[in-house]
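Presented below is the structure to which this report refers.
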Protein chains: 2
Amino acid sequence: MCDDEGVTTNRPSLRERKKEATREALRAAALRLALERGPANVRVDDIAEAAGVSPRTYNNYFSSREQAIVAAVTAERASRVAAAVAARPADVSLADAIIDAVVEQYTDPGDDARDALLMITTSPALRACYADTVTTIEGPLAEAIAERCQGMDRLTAQVLSASVGAAAKVALQQWLHSTTVPPSMSGFVVPSGSLPNLMRIALMPLVPALDAAAARSRH
Amino acid sequence: MCDDEGVTTNRPSLRERKKEATREALRAAALRLALERGPANVRVDDIAEAAGVSPRTYNNYFSSREQAIVAAVTAERASRVAAAVAARPADVSLADAIIDAVVEQYTDPGDDARDALLMITTSPALRACYADTVTTIEGPLAEAIAERCQGMDRLTAQVLSASVGAAAKVALQQWLHSTTVPPSMSGFVVPSGSLPNLMRIALMPLVPALDAAAARSRH
DNA sequence: TCAGATTCTTGCGTGTGCGCATTTTTGCGC
DNA sequence: GCGCAAAAATGCGCACACGCAAGAATCTGA
């Protein structure tokens with residue numbers, strides 16, 4: 001009786017909901033503890049305990065200690081990039097759609113993630129882990145590209161999305177590096193400024209490739 | 001007396017020679033043991049002992065257990081790619097120079113590395129580690145690109161080399177995946193054939209970007 | 001030749017990643 | 001409601017990555 005399921009919620013079967021709940025709990029706990037005590041003073045046991053699960057379970061969700069912390073900030077960036085690309089009207093070029101979508105995800109989060117970013121930039125281990133998260137967009141982005149350019153073969157879509165991810169990673173590393181070595185050497189260029197700007201500049205060299213592939217896909 | 005040093009050998013100061021020697025010893029020992037017993041039955045202690053160093057020293061050279069094994073095959077691929085790009089005459093396009101140089105490094109090694117590759121494709125952990133080695137070319141390749149196109153800014157060179165690395169990685173993963181799932185599903189495309197062919201195809205979408213950047217660098 | 005400064009090696013201890021087998025939870029058909 | 005299959009959580013144990021500090025080897029300059 002009182003079996004109210006599937007009416008308002010369409011798919012997430014209870015099992016997947018709990019799964020996502022614990023994942024979220026781990027993310028939140030990891031971020032909170034890391035902000036409180038500093039990243040170095042947080043053991044996985046602490047995170048697991050704070051999330052109310054076994055330490056072993058933690059590694060069923062995250063394969064490294066830092067992953068949970070950065071995941072709290074990264075979360076569903078990948079799917080949002082893909083969705084943003086798909087949401088762009090069909091008359092804007094593929095390159096513009098992708099660049100805007102990617103840059104959009106890295107514009108000042110403003111909210112509480114501000115100090116989290118600061119912490120990430122401080123810890124080398126977190127920096128590396130954070131830079132690696134850009135590669136997660138490659139899968140969904142490849143799908144979005146293939147969806148937008150019907151004639152394009154799968155491999156090209158994958159290569160393009162991987163290149164976009166690589167460019168974004170370069171920009172991210174450049175930005176992380178510039179923020180950590182403020183006034184010392186590196187006296188040559190570093191016109192960085194804001195991350196969105198830097199990322200937009202980094203993606204520029206790929207525009208010809210995206211345009212050509214898009215044109216080719218339309219015969 | 002009888003101090004015969006520095007005459008024939010120009011620089012590698014004893015210290016660096018020993019360093020490279022132990023690194024090579026670790027590579028060789030790792031590969032040999034992995035081929036004999038299978039990758040799963042090799043502990044880092046075994047490799048260290050076979051190379052005549054402490055287990056702790058192993059991690060001063062390689063940060064993961066698989067790294068030493070794949071390093072035996074990968075070795076100096078990165079510097080050879082850069083050298084190959086630099087060696088191409090100045091009248092061939094940047095895109096052709098890079099594609100030929102990259103593809104060249106992944107053409108059938110033929111020699112004893114043949115069965116090593118087979119072993120790598122068999123073990124998932126080694127596959128992942130092997131796919132990651134392509135990113136090592138990005139640094140040297142970026143330098144080679146910047147060297148060839150003097151007017152190009154550093155960031156563009158980095159983005160292009162990172163994109164090339166990403167494309168190569170996609171090709172490699174596709175190839176590794178195709179060789180492990182021979183007759184099952186995946187019934188749609190997979191025109192792979194040989195790795196060099198696949199890699200050449202994967203790099204094609206980047207040609208417009210490379211051409212445009214090269215043209216722009218020459219004003 | 002020798003003393004001091006680098007750099008590499010090593011042992012130790014801690015925290016981590018993960019395979020495996022077991023127990024608990026969830027989903028589903030009756 | 002009930003029992004069974006699938007999947008997740010857990011406990012256990014081993015091997016690994018790495019920081020730290022002491023010791024040995026190498027480089028430097030006099």
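Labeling convention for the structure tokens: chains A, B, ... as they appear, residues from 1 per chain, ligands from 1 in order of appearance.
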Would you mind listing what lies within 9 Å of segment 122-130 of chain B as a PyMOL selection string, with only C-alpha atoms (C1' of nucleotides) counted and same-chain residues fewer than 2 positions away left out? chain B and resi 39-40+66-67+69-71+74+117-120+132-134+172-173+176+180
Write out as an mmCIF file with C-alpha atoms, in the first residue's frame every residue belonging to chain B that has an atom at most 9 Å from any atom of chain A, counting only C-alpha atoms.
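To be explicit, this is the file written out as part23.cif:
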data_model
loop_
_atom_site.group_PDB
_atom_site.id
_atom_site.type_symbol
_atom_site.label_atom_id
_atom_site.label_comp_id
_atom_site.auth_asym_id
_atom_site.auth_seq_id
_atom_site.Cartn_x
_atom_site.Cartn_y
_atom_site.Cartn_z
ATOM 1 C CA ARG B 154 54.251 28.917 -26.443
ATOM 2 C CA LEU B 155 50.680 28.215 -25.477
ATOM 3 C CA THR B 156 49.642 27.349 -29.019
ATOM 4 C CA GLN B 158 51.584 23.274 -26.136
ATOM 5 C CA VAL B 159 47.957 22.990 -27.150
ATOM 6 C CA LEU B 160 48.854 21.513 -30.525
ATOM 7 C CA ALA B 162 48.724 18.049 -26.383
ATOM 8 C CA SER B 163 46.096 17.569 -29.050
ATOM 9 C CA VAL B 164 48.428 15.365 -31.055
ATOM 10 C CA GLY B 165 49.084 13.333 -27.939
ATOM 11 C CA ALA B 166 45.373 13.076 -27.253
ATOM 12 C CA ALA B 167 44.663 11.912 -30.793
ATOM 13 C CA ALA B 168 47.455 9.353 -30.593
ATOM 14 C CA LYS B 169 46.042 8.145 -27.297
ATOM 15 C CA VAL B 170 42.599 7.719 -28.809
ATOM 16 C CA ALA B 171 44.083 5.704 -31.642
ATOM 17 C CA GLN B 174 40.969 2.044 -30.072
ATOM 18 C CA VAL B 189 32.975 0.297 -37.669
ATOM 19 C CA ILE B 201 43.617 8.398 -39.576
ATOM 20 C CA ALA B 202 43.197 9.654 -36.028
ATOM 21 C CA LEU B 203 45.620 12.506 -36.656
ATOM 22 C CA MET B 204 43.887 13.633 -39.853
ATOM 23 C CA PRO B 205 41.263 15.822 -38.131
ATOM 24 C CA LEU B 206 44.036 17.897 -36.593
ATOM 25 C CA VAL B 207 45.674 18.767 -39.913
ATOM 26 C CA PRO B 208 43.637 21.962 -40.433
ATOM 27 C CA ALA B 209 44.606 23.194 -36.980
ATOM 28 C CA LEU B 210 48.275 22.471 -37.567
ATOM 29 C CA ASP B 211 48.230 24.093 -41.010
ATOM 30 C CA ALA B 212 46.471 27.185 -39.723
ATOM 31 C CA ALA B 213 48.822 27.572 -36.781
#
Using only C-alpha atoms (C1' of nucleotides), I'd like every residue of chain B that has an atom within 12 Å of chain C; please write them out as a PyMOL selection string. chain B and resi 15-16+18-19+22+40+52-61+64
Go ahead and save the picked residues with N, CA and C atoms, as an mmCIF file, in the first residue's frame.
data_model
loop_
_atom_site.group_PDB
_atom_site.id
_atom_site.type_symbol
_atom_site.label_atom_id
_atom_site.label_comp_id
_atom_site.auth_asym_id
_atom_site.auth_seq_id
_atom_site.Cartn_x
_atom_site.Cartn_y
_atom_site.Cartn_z
ATOM 1 N N ARG B 15 77.798 10.401 -12.347
ATOM 2 C CA ARG B 15 76.560 10.305 -11.579
ATOM 3 C C ARG B 15 75.366 10.021 -12.481
ATOM 4 N N GLU B 16 75.244 10.779 -13.557
ATOM 5 C CA GLU B 16 74.101 10.584 -14.448
ATOM 6 C C GLU B 16 74.202 9.257 -15.179
ATOM 7 N N LYS B 18 75.441 6.420 -13.936
ATOM 8 C CA LYS B 18 74.965 5.390 -13.023
ATOM 9 C C LYS B 18 73.451 5.454 -12.884
ATOM 10 N N LYS B 19 72.943 6.662 -12.825
ATOM 11 C CA LYS B 19 71.494 6.850 -12.727
ATOM 12 C C LYS B 19 70.780 6.180 -13.893
ATOM 13 N N THR B 22 71.052 2.244 -13.681
ATOM 14 C CA THR B 22 70.096 1.572 -12.806
ATOM 15 C C THR B 22 68.692 1.654 -13.387
ATOM 16 N N ALA B 40 51.277 -10.434 -13.369
ATOM 17 C CA ALA B 40 50.637 -10.483 -12.050
ATOM 18 C C ALA B 40 51.541 -11.119 -11.008
ATOM 19 N N GLY B 52 69.395 -5.295 -8.437
ATOM 20 C CA GLY B 52 70.465 -5.052 -7.471
ATOM 21 C C GLY B 52 70.327 -3.761 -6.695
ATOM 22 N N VAL B 53 69.091 -3.315 -6.479
ATOM 23 C CA VAL B 53 68.871 -2.106 -5.691
ATOM 24 C C VAL B 53 67.810 -2.368 -4.635
ATOM 25 N N SER B 54 67.655 -1.423 -3.746
ATOM 26 C CA SER B 54 66.645 -1.546 -2.701
ATOM 27 C C SER B 54 65.251 -1.341 -3.274
ATOM 28 N N PRO B 55 64.260 -2.005 -2.680
ATOM 29 C CA PRO B 55 62.881 -1.786 -3.136
ATOM 30 C C PRO B 55 62.497 -0.313 -3.093
ATOM 31 N N ARG B 56 63.006 0.366 -2.069
ATOM 32 C CA ARG B 56 62.700 1.780 -1.968
ATOM 33 C C ARG B 56 63.240 2.559 -3.154
ATOM 34 N N THR B 57 64.403 2.175 -3.636
ATOM 35 C CA THR B 57 65.013 2.873 -4.758
ATOM 36 C C THR B 57 64.159 2.751 -6.018
ATOM 37 N N TYR B 58 63.492 1.616 -6.121
ATOM 38 C CA TYR B 58 62.638 1.425 -7.301
ATOM 39 C C TYR B 58 61.669 2.588 -7.456
ATOM 40 N N ASN B 59 61.052 2.986 -6.345
ATOM 41 C CA ASN B 59 60.072 4.056 -6.403
ATOM 42 C C ASN B 59 60.698 5.435 -6.561
ATOM 43 N N ASN B 60 62.007 5.498 -6.502
ATOM 44 C CA ASN B 60 62.664 6.753 -6.838
ATOM 45 C C ASN B 60 62.752 6.909 -8.355
ATOM 46 N N TYR B 61 62.586 5.794 -9.076
ATOM 47 C CA TYR B 61 62.683 5.832 -10.526
ATOM 48 C C TYR B 61 61.331 5.684 -11.198
ATOM 49 N N SER B 64 55.033 3.647 -10.264
ATOM 50 C CA SER B 64 54.071 2.559 -10.206
ATOM 51 C C SER B 64 54.741 1.280 -10.689
#
Could you tell me which residues of chain D sit within 9 Å of chain A when counting only C-alpha atoms (C1' of nucleotides), and give me the result as a list of chain:residue names? D:DA7, D:DA8, D:DA9, D:DT10, D:DG11
Written selection (C-alpha atoms (C1' of nucleotides)) as a compact mmCIF listing (two decimals), in the first residue's frame:
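New file out-v2.txt:
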# COMPACT_ATOMS: atom_id res chain seq x y z
C1' DA D 7 24.17 -6.10 -6.55
C1' DA D 8 26.23 -3.47 -3.02
C1' DA D 9 28.65 -3.17 1.62
C1' DT D 10 31.95 -5.05 4.53
C1' DG D 11 36.10 -7.36 6.65
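Coordinates place atom CA of Ala84 of chain A at a distance of 20.7 Å from atom CA of Gly151 of chain A.
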Residues at most 7 Å from Ala29 of chain B, counting only C-alpha atoms (C1' of nucleotides), excluding those fewer than 5 positions away in the same chain, as a PyMOL selection string? chain B and resi 47+50-51
Export of the given selection (N, CA and C atoms) as a JSON list (two decimals), in the first residue's frame:
[["chain", "number", "residue", "atom", "x", "y", "z"],
["B", 47, "ILE", "N", 61.69, -7.15, -8.75],
["B", 47, "ILE", "CA", 62.35, -6.31, -9.75],
["B", 47, "ILE", "C", 63.56, -5.63, -9.13],
["B", 50, "ALA", "N", 66.33, -8.09, -8.60],
["B", 50, "ALA", "CA", 66.95, -8.48, -9.86],
["B", 50, "ALA", "C", 67.84, -7.37, -10.40],
["B", 51, "ALA", "N", 67.48, -6.12, -10.08],
["B", 51, "ALA", "CA", 68.28, -5.00, -10.57],
["B", 51, "ALA", "C", 69.39, -4.64, -9.58]]
Would you work out the distance separating atom CA of Leu26 of chain A from atom CA of Ser13 of chain A, expressed in Å to one decimal? 20.2 Å
Of the candidates A:Ile145, A:Ala48, A:Arg17, A:Met199, which shows the shortest atom-to-atom distance to Ala86 of chain A, using only C-alpha atoms? A:Ile145
Could you find all residues in segment 123-180 of chain A that DSSP calls alpha helix (DSSP H) from the backbone, and write them as a ChimeraX atom specification? /A:124-132,138-148,154-180
Non-local contacts of Met152 of chain A (6 Å; only C-alpha atoms (C1' of nucleotides); under 2 positions in same chain excluded) as a PyMOL selection string: chain A and resi 149-150+217
Grab the residues selected above and save them as a compact mmCIF listing (two decimals), in the first residue's frame with C-alpha atoms.
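The resulting file, selection.txt, is reproduced below:
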# COMPACT_ATOMS: atom_id res chain seq x y z
CA CYS A 149 27.31 16.40 -36.72
CA GLN A 150 25.45 13.38 -37.94
CA SER A 217 30.38 16.10 -41.92
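Restricting the calculation to only C-alpha atoms, the smallest distance between Ile98 of chain A and any of A:Arg148, A:Arg37, A:Asp46, A:Glu76 is found for A:Arg148.
When only C-alpha atoms are used to compute distances to His177 of chain B, the closest of the residues B:Thr121, B:Ala68, B:Glu20, B:Leu94 turns out to be B:Thr121.
You will find atom CA of Val85 of chain A at 6.6 Å from atom CA of Ala144 of chain A.
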